[in-house]
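Colleague: This is the structure, below, for whatever I ask next.
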Amino acid sequence: MNTAFPLFTNFPDDDAFETIVIGGGPAGCACALWLHKLGVRAWLVEASDALGGLQRRSPYENLWIPGVMGHSGEEVARALHHHIHVIGVPCHLNSRVSRIEAADGGFRVRVEGGTERGHYRTQHLVIATGTQPVTGHFRQAHNVAIGPGYPMENLEVGNRKIAILGGGDNAFDQARFVLQRGAKSVTIYSRTPPRAQTVLQAMIPQARVCIGPYTADQASMIVNEEVFDAFGVMYGFEAQLPDGLDQDLELKNENGFIAVNRQGETVLSGLWACGEVTDYWHPCVTTSAAHGIQVAKQISLRLGR
Ligand SMILES: Cc1cc2nc3c(=O)[nH]c(=O)nc-3n(C[C@H](O)[C@H](O)[C@H](O)COP(=O)(O)OP(=O)(O)OC[C@H]3O[C@@H](n4cnc5c(N)ncnc54)[C@H](O)[C@@H]3O)c2cc1C
């Protein structure tokens, strides 16, 4: 992965930015790209070592972006990374925003890690920190994968008994992939009638589906008194929020995501959010990127560009 972004060694520390965008997934990349092209001084800050967000977890072909075919999620992520780099959007990787505060008519963010750790002030702040798989009480391990994509693909499944916990699209998708990879059996545990699309459910008639309460124990690898070789935990996704936002309940909706209005702005003027962190319906690369673009346009209008 190319992480060779230009380094901003003479980083001004005061009011240097009109906008800081936190999170370099599809939403944050699209937002930062458009801000940059619209002439807004913007800085993209990403916690991991490459841009692309959740697409980096996906080895599967992404057939859902109109006009884009023949690329895996991971390749889509690499293309986003490359685009931001080539266009020259100021960006720092390995830089986690650990705290956000409202300050002096704008916002103050604390950045940890990377070469630019410190505090920065900005007029507008965009939260594009996306989501992470819900872990329940499980821990990622050699025999337990949490969330879809590479964690599941790295699980050894050949001729083994696999339990998939959860009843959504990802549970049924991953059950199918596990069977294709030679699992001896797959049992899906869903506390409520599965929410997965019926077409996905119909694709794996050989999977056993247990509906109702269950207890699953990682130490013994037992679900409802039955022993399994591996678990796939597909409990959905939850918002990733930097500290400061996390404690400010006013900014969150009933599901723990950031609440925004039609323009993508929170109840605090100048604090915006886009993509999956806002519970955007329906989350995918295209809607996340589109949301980021809408927010960029709103900010540029606010700044009179
Ligand atoms: C396995 C898998 C397969 C998928 N397949 C498809 C598909 O085929 N088609 C499709 O359209 N969608 C697919 N999706 C969904 C798609 O990837 C997401 O909808 C999209 O990535 C959401 O974009 P986002 O920018 O809102 O959030 P994310 O992609 O989650 O990006 C958020 C970014 O913010 C960063 N971040 C978080 N906290 C901080 C912080 N405090 N400081 C700095 N940075 C931070 C994260 O590191 C991350 O890079 C798939 C998802 C998965 C998991």
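Just remember, in the structure tokens the first chain shown is A, the second B, etc., residues are 1-based per chain, and ligands are 1-based in the order shown.
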Could you pull out the strand (DSSP E or B) residues of stretch 10-241 of chain A, going by DSSP on the backbone, and write them as a ChimeraX atom specification?
Modeller: /A:17-22,42-45,61,72,91-92,96-103,106-112,118-127,131-133,141,144-146,158,161-165,183,185-190,208-211,216-217,222-223,226-227,230-233,237-239
Colleague: Please list as a list in words every residue within 6 Å of A:Val126, counting only C-alpha atoms and excluding residues in the same chain fewer than 2 positions away.
Modeller: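 Once the nearby chain positions are removed, what remains is Val21, Trp272 and Ala273 of chain A.
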Colleague: Kindly work out which residues sit at most 7 Å from ligand 1, using only C-alpha atoms and all ligand atoms, and give the list as a count of residues only.
Modeller: 49
Colleague: Quick one: everything within 8 Å of A:Gln294, counting only C-alpha atoms, minus sequence neighbours fewer than 3 positions away in the same chain. Send it as a PyMOL selection string.
Modeller: chain A and resi 31+263-264+290-291+297-298
Colleague: Considering only C-alpha atoms, state which residue in the set A:Ile127, A:Val157, A:Val209, A:Ile84 is at the smallest distance from A:Val260.
Modeller: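 Closest candidate: A:Ile127.
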Colleague: Excluding A:Arg191 and its own-chain neighbours fewer than 2 positions away, which residues fall within 9 Å of it when counting only C-alpha atoms? Please give them as a PDB file with all heavy atoms, in the first residue's frame.
Modeller:
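Final output, around-v3.pdb:
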ATOM      1  N   LEU A 165     -23.075 -16.447  13.991  1.00  0.00           N
ATOM      2  CA  LEU A 165     -23.975 -15.813  14.959  1.00  0.00           C
ATOM      3  C   LEU A 165     -24.516 -14.519  14.361  1.00  0.00           C
ATOM      4  O   LEU A 165     -23.744 -13.614  14.015  1.00  0.00           O
ATOM      5  CB  LEU A 165     -23.226 -15.526  16.268  1.00  0.00           C
ATOM      6  CG  LEU A 165     -22.405 -16.704  16.836  1.00  0.00           C
ATOM      7  CD1 LEU A 165     -21.674 -16.287  18.115  1.00  0.00           C
ATOM      8  CD2 LEU A 165     -23.310 -17.911  17.110  1.00  0.00           C
ATOM      9  N   GLY A 166     -25.849 -14.443  14.210  1.00  0.00           N
ATOM     10  CA  GLY A 166     -26.462 -13.261  13.597  1.00  0.00           C
ATOM     11  C   GLY A 166     -27.359 -13.682  12.453  1.00  0.00           C
ATOM     12  O   GLY A 166     -27.160 -14.756  11.875  1.00  0.00           O
ATOM     13  N   GLY A 167     -28.330 -12.814  12.113  1.00  0.00           N
ATOM     14  CA  GLY A 167     -29.304 -13.228  11.107  1.00  0.00           C
ATOM     15  C   GLY A 167     -29.500 -12.238   9.965  1.00  0.00           C
ATOM     16  O   GLY A 167     -30.493 -12.304   9.258  1.00  0.00           O
ATOM     17  N   TYR A 189     -27.145 -18.977  13.838  1.00  0.00           N
ATOM     18  CA  TYR A 189     -27.975 -18.715  15.024  1.00  0.00           C
ATOM     19  C   TYR A 189     -28.511 -17.289  14.944  1.00  0.00           C
ATOM     20  O   TYR A 189     -27.736 -16.330  14.867  1.00  0.00           O
ATOM     21  CB  TYR A 189     -27.148 -18.885  16.303  1.00  0.00           C
ATOM     22  CG  TYR A 189     -26.825 -20.337  16.599  1.00  0.00           C
ATOM     23  CD1 TYR A 189     -25.648 -20.919  16.130  1.00  0.00           C
ATOM     24  CD2 TYR A 189     -27.707 -21.121  17.337  1.00  0.00           C
ATOM     25  CE1 TYR A 189     -25.349 -22.252  16.388  1.00  0.00           C
ATOM     26  CE2 TYR A 189     -27.420 -22.462  17.600  1.00  0.00           C
ATOM     27  CZ  TYR A 189     -26.253 -23.016  17.127  1.00  0.00           C
ATOM     28  OH  TYR A 189     -25.972 -24.338  17.382  1.00  0.00           O
ATOM     29  N   PRO A 193     -36.391 -13.946  13.752  1.00  0.00           N
ATOM     30  CA  PRO A 193     -36.442 -14.441  12.368  1.00  0.00           C
ATOM     31  C   PRO A 193     -35.444 -13.669  11.512  1.00  0.00           C
ATOM     32  O   PRO A 193     -35.360 -12.441  11.610  1.00  0.00           O
ATOM     33  CB  PRO A 193     -37.893 -14.146  11.954  1.00  0.00           C
ATOM     34  CG  PRO A 193     -38.648 -14.150  13.244  1.00  0.00           C
ATOM     35  CD  PRO A 193     -37.715 -13.608  14.286  1.00  0.00           C
ATOM     36  N   PRO A 194     -34.626 -14.369  10.700  1.00  0.00           N
ATOM     37  CA  PRO A 194     -33.549 -13.704   9.963  1.00  0.00           C
ATOM     38  C   PRO A 194     -34.040 -12.502   9.167  1.00  0.00           C
ATOM     39  O   PRO A 194     -35.083 -12.545   8.530  1.00  0.00           O
ATOM     40  CB  PRO A 194     -33.033 -14.799   9.032  1.00  0.00           C
ATOM     41  CG  PRO A 194     -33.402 -16.071   9.700  1.00  0.00           C
ATOM     42  CD  PRO A 194     -34.676 -15.810  10.446  1.00  0.00           C
ATOM     43  N   CYS A 210     -30.989 -21.845  13.185  1.00  0.00           N
ATOM     44  CA  CYS A 210     -31.649 -21.985  14.487  1.00  0.00           C
ATOM     45  C   CYS A 210     -32.161 -20.613  14.914  1.00  0.00           C
ATOM     46  O   CYS A 210     -31.361 -19.682  15.092  1.00  0.00           O
ATOM     47  CB  CYS A 210     -30.670 -22.507  15.538  1.00  0.00           C
ATOM     48  SG  CYS A 210     -29.985 -24.111  15.124  1.00  0.00           S
ATOM     49  N   ILE A 211     -33.456 -20.484  15.060  1.00  0.00           N
ATOM     50  CA  ILE A 211     -34.053 -19.195  15.417  1.00  0.00           C
ATOM     51  C   ILE A 211     -34.514 -19.244  16.862  1.00  0.00           C
ATOM     52  O   ILE A 211     -35.195 -20.187  17.264  1.00  0.00           O
ATOM     53  CB  ILE A 211     -35.253 -18.880  14.497  1.00  0.00           C
ATOM     54  CG1 ILE A 211     -34.779 -18.857  13.025  1.00  0.00           C
ATOM     55  CG2 ILE A 211     -35.895 -17.550  14.864  1.00  0.00           C
ATOM     56  CD1 ILE A 211     -35.897 -18.786  12.017  1.00  0.00           C
ATOM     57  N   GLY A 212     -34.121 -18.220  17.630  1.00  0.00           N
ATOM     58  CA  GLY A 212     -34.525 -18.158  19.031  1.00  0.00           C
ATOM     59  C   GLY A 212     -33.321 -17.851  19.911  1.00  0.00           C
ATOM     60  O   GLY A 212     -32.214 -17.641  19.416  1.00  0.00           O
ATOM     61  N   PRO A 213     -33.545 -17.827  21.239  1.00  0.00           N
ATOM     62  CA  PRO A 213     -32.455 -17.468  22.152  1.00  0.00           C
ATOM     63  C   PRO A 213     -31.322 -18.486  22.080  1.00  0.00           C
ATOM     64  O   PRO A 213     -31.566 -19.675  21.834  1.00  0.00           O
ATOM     65  CB  PRO A 213     -33.106 -17.498  23.543  1.00  0.00           C
ATOM     66  CG  PRO A 213     -34.535 -17.805  23.332  1.00  0.00           C
ATOM     67  CD  PRO A 213     -34.777 -18.160  21.911  1.00  0.00           C
ATOM     68  N   TYR A 214     -30.098 -18.029  22.233  1.00  0.00           N
ATOM     69  CA  TYR A 214     -28.971 -18.961  22.311  1.00  0.00           C
ATOM     70  C   TYR A 214     -27.889 -18.348  23.202  1.00  0.00           C
ATOM     71  O   TYR A 214     -27.848 -17.128  23.389  1.00  0.00           O
ATOM     72  CB  TYR A 214     -28.402 -19.276  20.918  1.00  0.00           C
ATOM     73  CG  TYR A 214     -27.804 -18.091  20.199  1.00  0.00           C
ATOM     74  CD1 TYR A 214     -26.498 -17.668  20.428  1.00  0.00           C
ATOM     75  CD2 TYR A 214     -28.571 -17.375  19.276  1.00  0.00           C
ATOM     76  CE1 TYR A 214     -25.977 -16.571  19.764  1.00  0.00           C
ATOM     77  CE2 TYR A 214     -28.048 -16.286  18.610  1.00  0.00           C
ATOM     78  CZ  TYR A 214     -26.746 -15.889  18.861  1.00  0.00           C
ATOM     79  OH  TYR A 214     -26.220 -14.799  18.210  1.00  0.00           O
TER      80      TYR A 214
END
Colleague: I need the residues of stretch 29-189 of chain A that end up classed as alpha helix (DSSP H) by DSSP on the backbone, written out as an MDAnalysis selection string.
Modeller: chainID A and resid 29:37 73:87 150:153 169:180
Colleague: Out of A:Ile20, A:Ala196, A:Val89, A:Val178, which residue has the shortest atom-to-atom distance to A:Gly236 when counting only C-alpha atoms?
Modeller: A:Ala196
Colleague: Find, counting only C-alpha atoms, the residue in A:Met152, A:Ile100, A:Leu303, A:Ala79 that gets nearest to A:Gly244.
Modeller: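 Distance minimum relative to A:Gly244 lands on A:Ile100.
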Colleague: I need the residue nearest A:Asn94 from this list: A:Ala216, A:Asp49, A:Tyr120, A:His137. Use only C-alpha atoms for the distance.
Modeller: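 For A:Asn94, the nearest of the candidates is A:Asp49.
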Colleague: Nearest residue to A:Glu250 out of A:Ile146, A:Leu268, A:Met234, A:Val111, using only C-alpha atoms?
Modeller: A:Leu268
Colleague: In Å to one decimal, how far is atom CA of A:Gln174 from atom CA of A:Val233?
Modeller: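 Separating atom CA of A:Val233 from atom CA of A:Gln174 is a distance of 9.9 Å.
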Colleague: Considering only C-alpha atoms, state which residue in the set A:Ile164, A:Val134, A:Met203, A:Ala32 is at the smallest distance from A:Gly232.
Modeller: A:Ile164
Colleague: Would you mind reading off the distance between atom CA of A:Ile299 and atom CA of A:Pro90, one decimal, in Å?
Modeller: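 Value for the atom CA of A:Ile299-atom CA of A:Pro90 distance: 17.2 Å.
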Colleague: Mind checking which residues fall within 10 Å of A:Glu225, counting only C-alpha atoms, ignoring those fewer than 3 positions away in the same chain, and posting them as a PDB file with N, CA and C atoms, in the first residue's frame?
Modeller:
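The resulting result-v5.pdb:
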ATOM      1  N   TYR A 214     -30.098 -18.029  22.233  1.00  0.00           N
ATOM      2  CA  TYR A 214     -28.971 -18.961  22.311  1.00  0.00           C
ATOM      3  C   TYR A 214     -27.889 -18.348  23.202  1.00  0.00           C
ATOM      4  N   THR A 215     -27.055 -19.218  23.764  1.00  0.00           N
ATOM      5  CA  THR A 215     -25.856 -18.723  24.453  1.00  0.00           C
ATOM      6  C   THR A 215     -24.654 -19.296  23.725  1.00  0.00           C
ATOM      7  N   ALA A 216     -23.674 -18.436  23.481  1.00  0.00           N
ATOM      8  CA  ALA A 216     -22.463 -18.848  22.771  1.00  0.00           C
ATOM      9  C   ALA A 216     -21.273 -18.494  23.653  1.00  0.00           C
ATOM     10  N   ASP A 217     -20.382 -19.457  23.869  1.00  0.00           N
ATOM     11  CA  ASP A 217     -19.250 -19.257  24.772  1.00  0.00           C
ATOM     12  C   ASP A 217     -17.936 -19.449  24.012  1.00  0.00           C
ATOM     13  N   SER A 220     -15.252 -22.234  25.480  1.00  0.00           N
ATOM     14  CA  SER A 220     -15.516 -23.659  25.200  1.00  0.00           C
ATOM     15  C   SER A 220     -15.918 -23.903  23.747  1.00  0.00           C
ATOM     16  N   MET A 221     -16.161 -22.837  23.006  1.00  0.00           N
ATOM     17  CA  MET A 221     -16.643 -22.911  21.604  1.00  0.00           C
ATOM     18  C   MET A 221     -17.957 -23.690  21.521  1.00  0.00           C
ATOM     19  N   ILE A 222     -18.832 -23.432  22.512  1.00  0.00           N
ATOM     20  CA  ILE A 222     -20.125 -24.115  22.552  1.00  0.00           C
ATOM     21  C   ILE A 222     -21.254 -23.105  22.310  1.00  0.00           C
ATOM     22  N   PHE A 228     -18.439 -26.277  18.424  1.00  0.00           N
ATOM     23  CA  PHE A 228     -18.058 -25.879  17.059  1.00  0.00           C
ATOM     24  C   PHE A 228     -16.546 -25.670  16.983  1.00  0.00           C
TER      25      PHE A 228
END
Colleague: What lies within 12 Å of A:Gly256 using only C-alpha atoms, ignoring chain neighbours under 2 positions off, as a VMD selection string?
Modeller: chain A and resid 131 237 to 241 245 to 254 258 to 259 276 to 279
Colleague: Could those selected residues go to a file with C-alpha atoms, as a PDB file, in the first residue's frame?
Modeller:
ATOM      1  CA  THR A 131     -18.533   2.101  11.648  1.00  0.00           C
ATOM      2  CA  PHE A 237     -21.932  -2.455  12.761  1.00  0.00           C
ATOM      3  CA  GLU A 238     -21.810   0.394  15.270  1.00  0.00           C
ATOM      4  CA  ALA A 239     -20.687   3.998  14.886  1.00  0.00           C
ATOM      5  CA  GLN A 240     -17.017   4.814  15.607  1.00  0.00           C
ATOM      6  CA  LEU A 241     -16.950   8.106  17.474  1.00  0.00           C
ATOM      7  CA  LEU A 245     -18.607  13.243  20.608  1.00  0.00           C
ATOM      8  CA  ASP A 246     -19.019   9.985  22.397  1.00  0.00           C
ATOM      9  CA  GLN A 247     -20.055  11.722  25.579  1.00  0.00           C
ATOM     10  CA  ASP A 248     -22.218  14.346  23.918  1.00  0.00           C
ATOM     11  CA  LEU A 249     -25.567  12.582  23.712  1.00  0.00           C
ATOM     12  CA  GLU A 250     -27.168  15.542  22.006  1.00  0.00           C
ATOM     13  CA  LEU A 251     -25.271  14.703  18.827  1.00  0.00           C
ATOM     14  CA  LYS A 252     -26.383  11.088  18.690  1.00  0.00           C
ATOM     15  CA  ASN A 253     -29.570   9.465  17.511  1.00  0.00           C
ATOM     16  CA  GLU A 254     -31.293   6.612  19.344  1.00  0.00           C
ATOM     17  CA  ILE A 258     -24.468  11.032  14.703  1.00  0.00           C
ATOM     18  CA  ALA A 259     -27.692  12.847  13.971  1.00  0.00           C
ATOM     19  CA  GLU A 276     -22.082   5.423   7.743  1.00  0.00           C
ATOM     20  CA  VAL A 277     -21.391   7.240  11.010  1.00  0.00           C
ATOM     21  CA  THR A 278     -24.705   9.024  10.396  1.00  0.00           C
ATOM     22  CA  ASP A 279     -26.740   5.829  10.007  1.00  0.00           C
TER      23      ASP A 279
END
